[in-house]
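Peer 1: Let me begin by handing over the structure; questions about it come next.
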2 protein chains.
Amino acid sequence: MTLIEKARRGKITSEMRGVAKKEQVSLEFLRDNISKGRIVIPKNRYRKIKHICGIGKGLSTKINANIGTSPQKANIKNELKKVKEALKAGADTIMDLSCGGNIPRIRQAILKESAVPLGTVPIYEAIVEGIKKHKELRKIDKEIFFDVIERQAEDGVDFMTIHAGVTRKAISKLRRQGRVTGIVSRGGAFIVEWMMGQKKENPFYTEFDRLLEIARRYDITLSLGDGLRPGSISDATDAAQVQELITLGELAVRARKKGVQVIIEGPGHLPLDHIEANVKLEKKVCKGAPFYVLGPLVTDIAPGHDHLVSAIGGTLAAFHGADFLCFVTPAEHLRLPDLSDIREGVIASRIAAHAADIAKGLKRALRLDREMSTCRYRRDWKGQMRLAIDPQKVKAMRSGEKDVDICTMCGPYCSMKRMEKIFGK
Amino acid sequence: MTLIEKARRGKITSEMRGVAKKEQVSLEFLRDNISKGRIVIPKNRYRKIKHICGIGKGLSTKINANIGTSPQKANIKNELKKVKEALKAGADTIMDLSCGGNIPRIRQAILKESAVPLGTVPIYEAIVEGIKKHKELRKIDKEIFFDVIERQAEDGVDFMTIHAGVTRKAISKLRRQGRVTGIVSRGGAFIVEWMMGQKKENPFYTEFDRLLEIARRYDITLSLGDGLRPGSISDATDAAQVQELITLGELAVRARKKGVQVIIEGPGHLPLDHIEANVKLEKKVCKGAPFYVLGPLVTDIAPGHDHLVSAIGGTLAAFHGADFLCFVTPAEHLRLPDLSDIREGVIASRIAAHAADIAKGLKRALRLDREMSTCRYRRDWKGQMRLAIDPQKVKAMRSGEKDVDICTMCGPYCSMKRMEKIFGK
């Protein structure tokens with residue numbers, strides 16, 4: 001049985017116990033929402049994970065860090081360093097998006113290193129392998145797609161992005177309406193290129209049951225990818241994007257019926273005023289499935305600062321109900337992220353997730369801010385360092401400060417210190 | 001006549017012409033809103049400013065950068081470097097918050113250097129001077145407060161923060177209810193300490209007409225400060241804060257009647273779900289006066305990243321109607337900002353302002369994103385650098401990239417490049 005099937009039959013697993021305790025929700029609440037597909041716990045049946053996590057309704061907002069090689073930068077040691085950096089910074093899950101070097105070996109090494117659920121986008125490996133074998137992308141035998149998924153499942157991958165909603169219908173909508181940035185999803189572009197070349201429907205769509213069979217066997221969570229997500233403010237919430245979402249909603253229902261957990265991926269680039277509508281639409285159309293947003297980026301003109309741009313959109317998305325934020329690093333749109341980018345990306349997403357959790361009234365989140373503020377009022381710098389999302393940065397920025405009680409911002413005119421004398425502690 | 005009086009009598013000034021052109025709004029729209037106090041153009045009657053700006057209804061969101069010395073760090077050359085850095089990064093206005101070194105000399109130097117409107121918080125200088133003269137803060141003769149305001153006005157300061165709403169009534173509300181972080185406004189704390197020591201009402205409140213007389217003479221814009229703003233999520237939107245806001249609303253009406261332009265300052269630390277309510281409240285209670293928010297910071301636990309935390313809150317505040325964002329730097333809560341902090345703070349606020357302008361449908365803002373995305377689709381890196389909010393960062397991050405067409409993120413698997421081949425440019 002898969003986790004969702006166990007939940008349906010009223011069984012409580014050790015994973016459920018772990019998540020309920022960590023999240024401070026009742027076991028019954030958790031079980032019920034897992035059974036309805038509103039909460040997922042991504043975990044391959046055959047993998048041991050030190051830190052599992054629940055994603056979805058009523059739980060704290062989770063964040064994912066993307067790592068992985070590209071053809072120009074494919075150093076396995078560096079990827080393992082990225083895993084460590086992402087975990088140290090506080091990522092809840094990691095996705096290996098490698099498309100350069102020895103992809104299976106890199107994945108296997110990352111799976112060993114990662115103490116959190118690991119996700120992949122199998123079509124990357126399939127395309128790289130397929131091009132090697134068949135020379136051209138459009139000539140690739142689709143059996144490779146399913147072979148790679150099976151192999152990755154065997155390796156222990158916990159969740160997989162599959163772009164099953166990129167149908168011929170959605171592509172024709174995209175072509176008819178036009179777009180500024182076309183298709184910006186790497187996996188989406190791959191599948192579209194294959195479909196156009198072969199003049200065929202998306203095999204992940206036509207053979208969705210075959211996919212579900214594999215996912216069921218390994219209890220893999222499917223992350224239904226948004227291959228047609230908008231890559232610019234101009235393209236936000238257009239017909240192609242929504243057409244794909246509708247398809248994903250139908251596929252989500254089919255997956256649940258087969259006992260497979262599902263997450264839905266979402267945009268992308270969205271103006272701030274579209275965010276609430278996008279979240280509500282996903283929740284309705286996909287029957288409450290956890291929403292995994294890639295941003296959203298609320299402007300296109302700040303490359304070099306896209307971690308910040310995403311934190312703005314991510315906070316609002318999570319506040320309105322998005323459950324899972326994919327980090328975006330300062331390097332987005334410019335180059336493959338390095339270690340420092342990974343760190344900044346995770347921290348920015350954690351801030352967004354936490355700010356949303358506060359606004360949603362999560363008591364554990366609120367308590368942290370209260371404790372921090374109490375330390376701040378007392379100029380308890382050690383306490384502030386301990387409670388900070390990024391203690392390393394706090395330490396570095398305080399390192400030049402000589403006065404242990406106050407800071408160089410106000411010096412003796414510190415309002416907290418002066419008010420403490422008048423109003424007391 | 002002051003600007004607001006001219007606007008009321010239907011006169012069009014060169015400042016109005018400049019702002020209307022820059023903002024692409026009609027002169028009549030601008031004049032009408034200035035006359036009603038919904039838009040201000042901060043400018044001392046006797047100062048020449050190269051880049052004036054309008055702040056308020058229907059205009060693009062403006063941002064302010066704070067600079068200034070503290071007793072421990074009071075180097076005039078460094079402050080002038082900060083001015084240059086802030087202007088280069090794109091600040092619309094600058095505030096000199098110096099409270100260390102020779103404050104008048106520092107201000108006069110900054111006024112010469114700054115090509116944008118300059119604001120101050122006169123009570124800082126008054127308190128520093130007053131303590132020198134009277135030994136203790138609580139013994140300072142209130143005449144010093146007004147003398148300093150007059151001197152700063154003579155120097156050419158364009159707008160001044162005055163904490164006239166910190167009344168005995170508001171303080172008693174604060175004491176009765178309790179707070180986690182008490183009073184976090186430096187100016188607010190000064191005035192409260194003075195009021196408690198002298199057992200008197202706030203002189204800026206009792207002698208508000210005297211203040212208006214000075215402001216009128218120099219056509220200075222008053223920025224009515226929120227001395228009781230919340231300094232933590234726990235203290236957000238409490239009775240003390242709202243009590244002060246109500247008073248500021250009354251004072252704003254009195255100021256306008258006397259021909260003085262007014263801005264209202266706002267929080268501070270607010271959970272995301274309080275932001276809309278805070279903006280609506282200000283707009284209603286203060287009869288549409290431009291709202292100048294100091295953040296808002298949507299969590300307390302991310303010191304070292306408070307520019308990002310503020311950008312989240314600032315975007316949402318500006319989207320709901322806040323007109324003017326005070327930057328917050330990564331050094332906030334930790335130490336006096338350095339040059340790099342100033343830069344990061346300005347960039348973060350510009351991103352917030354721009355993202356809000358997009359969501360508000362400002363055509364000029366939307367056009368920029370469209371142009372950027374068109375360059376991105378074509379891998380036109382020079383175009384992207386030119387259009388980026390921070391070209392310097394883009395250049396640095398691209399410096400190690402060898403391929404002029406694509407980037408190391410996807411390499412040959414670049415979705416834009418591959419889709420361009422299929423769908424055309």
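All residue names refer to the structure tokens as shown: chains lettered A, B, ... in order, residues numbered from 1 in each chain, ligands numbered from 1 in order.
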So which bits of region 120-189 of chain A end up alpha helix (DSSP H) when you DSSP the backbone, as a PyMOL selection string?
Peer 2: chain A and resi 122-134+143-155+168-177+186-189
Peer 1: Please report as a tab-separated table every residue of chain B lying within 6 Å of chain A, along with the nearest atom pair and their distance in Å (one decimal), using only C-alpha atoms.
Peer 2:
residue	atom	partner	partner_atom	distance
B:Ser70	CA	A:Cys410	CA	5.8
B:Thr181	CA	A:Tyr377	CA	5.3
B:Val184	CA	A:Ser415	CA	5.5
B:Arg186	CA	A:Ser415	CA	5.2
B:Ala189	CA	A:Ser415	CA	5.4
B:Pro271	CA	A:Ala359	CA	5.5
B:Leu272	CA	A:Ala359	CA	5.4
B:Asp273	CA	A:Ala359	CA	5.2
B:Val298	CA	A:Ala355	CA	5.7
B:Thr299	CA	A:Ala355	CA	5.6
B:Asp300	CA	A:Asp369	CA	5.3
B:Ile301	CA	A:Ala388	CA	5.0
B:Ala302	CA	A:Ile389	CA	5.3
B:Gly304	CA	A:Val394	CA	5.6
B:Leu308	CA	A:Leu308	CA	5.9
B:Ile312	CA	A:Ile312	CA	4.5
B:Arg335	CA	A:Thr408	CA	4.9
B:Leu336	CA	A:Met409	CA	4.0
B:Ala355	CA	A:Thr299	CA	5.6
B:Ala359	CA	A:Asp273	CA	5.2
B:Asp369	CA	A:Asp300	CA	5.3
B:Tyr377	CA	A:Thr181	CA	5.3
B:Ala388	CA	A:Ile301	CA	5.0
B:Ile389	CA	A:Ala302	CA	5.3
B:Lys393	CA	A:Gly304	CA	5.7
B:Val394	CA	A:Gly304	CA	5.6
B:Cys407	CA	A:Arg335	CA	5.2
B:Thr408	CA	A:Arg335	CA	4.9
B:Met409	CA	A:Leu336	CA	4.0
B:Cys410	CA	A:Ser70	CA	5.8
B:Ser415	CA	A:Arg186	CA	5.2
Peer 1: Save the residues we just selected, N, CA and C atoms, as a PDB file, in the first residue's frame?
Peer 2:
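See again15.pdb below for the written result:
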ATOM      1  N   SER B  70      26.627  58.586  13.493  1.00  0.00           N
ATOM      2  CA  SER B  70      26.235  58.322  14.875  1.00  0.00           C
ATOM      3  C   SER B  70      27.427  58.746  15.733  1.00  0.00           C
ATOM      4  N   THR B 181       8.505  45.541  22.393  1.00  0.00           N
ATOM      5  CA  THR B 181       9.686  46.346  22.083  1.00  0.00           C
ATOM      6  C   THR B 181       9.500  47.844  22.374  1.00  0.00           C
ATOM      7  N   VAL B 184      10.536  52.286  19.443  1.00  0.00           N
ATOM      8  CA  VAL B 184      11.729  51.996  18.642  1.00  0.00           C
ATOM      9  C   VAL B 184      12.110  53.151  17.723  1.00  0.00           C
ATOM     10  N   ARG B 186      13.755  56.584  17.238  1.00  0.00           N
ATOM     11  CA  ARG B 186      14.728  57.362  18.002  1.00  0.00           C
ATOM     12  C   ARG B 186      14.115  58.701  18.405  1.00  0.00           C
ATOM     13  N   ALA B 189      11.380  58.232  20.997  1.00  0.00           N
ATOM     14  CA  ALA B 189      11.934  57.982  22.338  1.00  0.00           C
ATOM     15  C   ALA B 189      12.441  59.279  22.970  1.00  0.00           C
ATOM     16  N   PRO B 271       2.842  42.200  10.475  1.00  0.00           N
ATOM     17  CA  PRO B 271       2.648  40.947   9.741  1.00  0.00           C
ATOM     18  C   PRO B 271       1.975  41.253   8.402  1.00  0.00           C
ATOM     19  N   LEU B 272       2.243  40.409   7.433  1.00  0.00           N
ATOM     20  CA  LEU B 272       1.740  40.643   6.073  1.00  0.00           C
ATOM     21  C   LEU B 272       0.238  40.938   6.046  1.00  0.00           C
ATOM     22  N   ASP B 273      -0.514  40.256   6.895  1.00  0.00           N
ATOM     23  CA  ASP B 273      -1.971  40.391   6.849  1.00  0.00           C
ATOM     24  C   ASP B 273      -2.481  41.682   7.489  1.00  0.00           C
ATOM     25  N   VAL B 298       8.081  42.315   7.673  1.00  0.00           N
ATOM     26  CA  VAL B 298       7.057  41.287   7.864  1.00  0.00           C
ATOM     27  C   VAL B 298       7.516  40.133   8.754  1.00  0.00           C
ATOM     28  N   THR B 299       8.748  40.207   9.242  1.00  0.00           N
ATOM     29  CA  THR B 299       9.200  39.288  10.297  1.00  0.00           C
ATOM     30  C   THR B 299      10.333  39.952  11.063  1.00  0.00           C
ATOM     31  N   ASP B 300      10.503  39.538  12.313  1.00  0.00           N
ATOM     32  CA  ASP B 300      11.567  40.098  13.162  1.00  0.00           C
ATOM     33  C   ASP B 300      12.825  39.240  13.150  1.00  0.00           C
ATOM     34  N   ILE B 301      12.737  38.035  12.590  1.00  0.00           N
ATOM     35  CA  ILE B 301      13.821  37.072  12.827  1.00  0.00           C
ATOM     36  C   ILE B 301      14.869  36.986  11.704  1.00  0.00           C
ATOM     37  N   ALA B 302      14.918  37.975  10.846  1.00  0.00           N
ATOM     38  CA  ALA B 302      15.896  37.890   9.763  1.00  0.00           C
ATOM     39  C   ALA B 302      16.902  39.043   9.735  1.00  0.00           C
ATOM     40  N   GLY B 304      20.174  41.024   9.203  1.00  0.00           N
ATOM     41  CA  GLY B 304      21.177  40.742   8.173  1.00  0.00           C
ATOM     42  C   GLY B 304      20.533  40.679   6.791  1.00  0.00           C
ATOM     43  N   LEU B 308      15.557  42.735   2.461  1.00  0.00           N
ATOM     44  CA  LEU B 308      14.659  41.787   1.788  1.00  0.00           C
ATOM     45  C   LEU B 308      13.312  41.713   2.524  1.00  0.00           C
ATOM     46  N   ILE B 312       9.522  42.863   0.916  1.00  0.00           N
ATOM     47  CA  ILE B 312       8.282  42.086   0.911  1.00  0.00           C
ATOM     48  C   ILE B 312       7.129  42.976   1.390  1.00  0.00           C
ATOM     49  N   ARG B 335      23.883  47.387  13.084  1.00  0.00           N
ATOM     50  CA  ARG B 335      24.913  48.423  13.134  1.00  0.00           C
ATOM     51  C   ARG B 335      24.591  49.520  12.141  1.00  0.00           C
ATOM     52  N   LEU B 336      25.401  50.610  12.165  1.00  0.00           N
ATOM     53  CA  LEU B 336      25.226  51.682  11.191  1.00  0.00           C
ATOM     54  C   LEU B 336      25.552  51.130   9.801  1.00  0.00           C
ATOM     55  N   ALA B 355       7.812  46.676  -8.402  1.00  0.00           N
ATOM     56  CA  ALA B 355       6.868  45.541  -8.420  1.00  0.00           C
ATOM     57  C   ALA B 355       5.460  46.023  -8.073  1.00  0.00           C
ATOM     58  N   ALA B 359       1.955  46.076 -10.452  1.00  0.00           N
ATOM     59  CA  ALA B 359       0.674  45.532  -9.991  1.00  0.00           C
ATOM     60  C   ALA B 359      -0.417  46.605  -9.997  1.00  0.00           C
ATOM     61  N   ASP B 369       9.396  45.957 -18.052  1.00  0.00           N
ATOM     62  CA  ASP B 369       9.457  44.495 -17.908  1.00  0.00           C
ATOM     63  C   ASP B 369       9.301  43.803 -19.242  1.00  0.00           C
ATOM     64  N   TYR B 377      14.475  36.777 -24.009  1.00  0.00           N
ATOM     65  CA  TYR B 377      14.100  35.731 -24.967  1.00  0.00           C
ATOM     66  C   TYR B 377      15.133  35.640 -26.091  1.00  0.00           C
ATOM     67  N   ALA B 388      18.328  46.482 -16.581  1.00  0.00           N
ATOM     68  CA  ALA B 388      18.275  45.942 -15.216  1.00  0.00           C
ATOM     69  C   ALA B 388      18.288  47.048 -14.168  1.00  0.00           C
ATOM     70  N   ILE B 389      17.602  46.820 -13.080  1.00  0.00           N
ATOM     71  CA  ILE B 389      17.635  47.749 -11.946  1.00  0.00           C
ATOM     72  C   ILE B 389      19.067  47.874 -11.434  1.00  0.00           C
ATOM     73  N   LYS B 393      25.506  44.507 -10.918  1.00  0.00           N
ATOM     74  CA  LYS B 393      25.410  43.126 -10.437  1.00  0.00           C
ATOM     75  C   LYS B 393      25.321  42.159 -11.616  1.00  0.00           C
ATOM     76  N   VAL B 394      24.523  42.514 -12.615  1.00  0.00           N
ATOM     77  CA  VAL B 394      24.373  41.648 -13.795  1.00  0.00           C
ATOM     78  C   VAL B 394      25.729  41.453 -14.456  1.00  0.00           C
ATOM     79  N   CYS B 407      23.597  30.724 -21.165  1.00  0.00           N
ATOM     80  CA  CYS B 407      24.258  30.792 -19.870  1.00  0.00           C
ATOM     81  C   CYS B 407      24.497  29.387 -19.326  1.00  0.00           C
ATOM     82  N   THR B 408      25.319  29.300 -18.274  1.00  0.00           N
ATOM     83  CA  THR B 408      25.716  27.991 -17.734  1.00  0.00           C
ATOM     84  C   THR B 408      24.595  27.293 -16.971  1.00  0.00           C
ATOM     85  N   MET B 409      23.442  27.943 -16.831  1.00  0.00           N
ATOM     86  CA  MET B 409      22.328  27.294 -16.142  1.00  0.00           C
ATOM     87  C   MET B 409      21.867  26.067 -16.931  1.00  0.00           C
ATOM     88  N   CYS B 410      21.574  26.257 -18.207  1.00  0.00           N
ATOM     89  CA  CYS B 410      21.069  25.160 -19.037  1.00  0.00           C
ATOM     90  C   CYS B 410      22.018  24.798 -20.176  1.00  0.00           C
ATOM     91  N   SER B 415      15.936  26.719 -22.886  1.00  0.00           N
ATOM     92  CA  SER B 415      14.580  26.598 -23.430  1.00  0.00           C
ATOM     93  C   SER B 415      14.271  27.734 -24.414  1.00  0.00           C
TER      94      SER B 415
END
Peer 1: Tell me, as a tab-separated table (two decimals) with C-alpha atoms, in the first residue's frame, which residues lie within 10 Å of Glu250 (chain A), counting only C-alpha atoms; anything in the same chain fewer than 4 positions away does not count.
Peer 2:
chain	number	residue	atom	x	y	z
A	165	GLY	CA	-0.08	18.74	-18.79
A	245	LEU	CA	-3.50	23.82	-15.08
A	246	ILE	CA	-6.94	22.43	-15.94
A	254	ARG	CA	-6.58	10.24	-11.47
A	255	ALA	CA	-3.32	9.97	-9.53
A	285	VAL	CA	-9.15	23.23	-10.08
A	286	CYS	CA	-6.76	20.72	-8.47
A	287	LYS	CA	-9.07	19.88	-5.55
Peer 1: Which residues are close to Cys326 (chain B), i.e. within 9 Å by only C-alpha atoms, leaving aside same-chain residues fewer than 5 positions away? Reply as a PyMOL selection string.
Peer 2: chain B and resi 62-66+292-295+314+346+349
Peer 1: What's the separation between CA of Gly56 (chain A) and CA of Arg17 (chain A), in Å to one decimal place?
Peer 2: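 Here the two named atoms are 15.7 Å from each other.
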Peer 1: Could you write out, as a PyMOL selection string, all the residues of region 208-241 of chain B that DSSP marks as strand (DSSP E)?
Peer 2: chain B and resi 221-224
Peer 1: Could you tell me how far CA of Gly119 (chain B) sits from CA of Asn202 (chain B), in Å to one decimal place?
Peer 2: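 We find that CA of Asn202 (chain B) and CA of Gly119 (chain B) lie 21.5 Å from each other.
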Peer 1: As a PyMOL selection string, please: the residues near region 139-153 of chain A (cut-off 10 Å, only C-alpha atoms, same-chain neighbours under 3 positions excluded).
Peer 2: chain A and resi 44-47+104+107-108+119-127+129-136+156-160+162+194+197-198+202-204+207+210-211+214-215+217-220
Peer 1: Mind writing the picked residues with C-alpha atoms as a compact mmCIF listing (two decimals), in the first residue's frame?
Peer 2:
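File produced: part_31.txt:
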# COMPACT_ATOMS: atom_id res chain seq x y z
CA ASN A 44 10.23 6.80 -1.85
CA ARG A 45 9.10 3.50 -0.34
CA TYR A 46 12.66 2.21 -0.44
CA ARG A 47 14.50 5.24 0.86
CA PRO A 104 23.04 8.74 -12.58
CA ARG A 107 22.14 11.56 -8.41
CA GLN A 108 23.19 8.52 -6.45
CA GLY A 119 13.26 15.35 -6.20
CA THR A 120 14.30 15.14 -9.86
CA VAL A 121 13.02 16.02 -13.32
CA PRO A 122 13.59 12.69 -15.10
CA ILE A 123 13.14 14.11 -18.59
CA TYR A 124 16.48 15.92 -18.24
CA GLU A 125 18.39 12.66 -18.01
CA ALA A 126 16.17 11.04 -20.61
CA ILE A 127 16.83 13.82 -23.13
CA GLU A 129 20.74 10.07 -22.88
CA GLY A 130 18.30 10.07 -25.78
CA ILE A 131 20.25 12.65 -27.79
CA LYS A 132 23.40 10.55 -27.29
CA LYS A 133 21.60 7.51 -28.63
CA HIS A 134 19.34 8.95 -31.34
CA LYS A 135 21.42 12.03 -32.26
CA GLU A 136 18.45 14.38 -32.37
CA GLY A 156 15.31 6.12 -4.35
CA VAL A 157 14.11 9.47 -5.70
CA ASP A 158 11.23 10.72 -3.53
CA PHE A 159 9.39 13.07 -5.87
CA MET A 160 9.53 13.72 -9.59
CA ILE A 162 6.58 15.32 -14.79
CA TRP A 194 9.72 16.19 -28.97
CA GLY A 197 9.17 16.74 -33.99
CA GLN A 198 7.18 13.51 -33.69
CA ASN A 202 2.63 14.17 -24.89
CA PRO A 203 3.47 10.57 -23.84
CA PHE A 204 3.28 11.47 -20.15
CA GLU A 207 0.42 7.02 -20.92
CA ARG A 210 1.80 3.73 -16.95
CA LEU A 211 3.48 6.57 -15.08
CA ILE A 214 5.66 3.20 -11.53
CA ALA A 215 4.91 5.96 -9.02
CA ARG A 217 5.16 0.85 -6.93
CA TYR A 218 7.79 3.09 -5.34
CA ASP A 219 5.31 5.38 -3.58
CA ILE A 220 6.78 8.34 -5.39
Peer 1: Which value, in Å to one decimal, gives the distance between CA of Val166 (chain B) and CA of Ala91 (chain B)?
Peer 2: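 Distance between the two atoms: 28.9 Å.
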Peer 1: Taking only C-alpha atoms into account, name the residue in B:Glu276, B:Asp209, B:Glu282, B:Asp92 that is nearest to Leu251 (chain B).
Peer 2: B:Asp209
Peer 1: Applying 10 Å and only C-alpha atoms, which residues near Arg38 (chain B) remain after dropping the ones on its own chain fewer than 2 positions away? List them as number ranges by chain.
Peer 2: B: 30, 32-36, 40, 55-58, 261-263, 283, 286-291, 323
Peer 1: Env of Val116 (chain A): 7 Å cut, atoms = only C-alpha atoms, seq-sep filter 2 positions within chain, self excluded. Answer as a list of chain:residue names.
Peer 2: A:Ile49, A:Lys50, A:His51, A:Ile52, A:Asp92, A:Thr93, A:Ile94, A:Ser114, A:Leu118
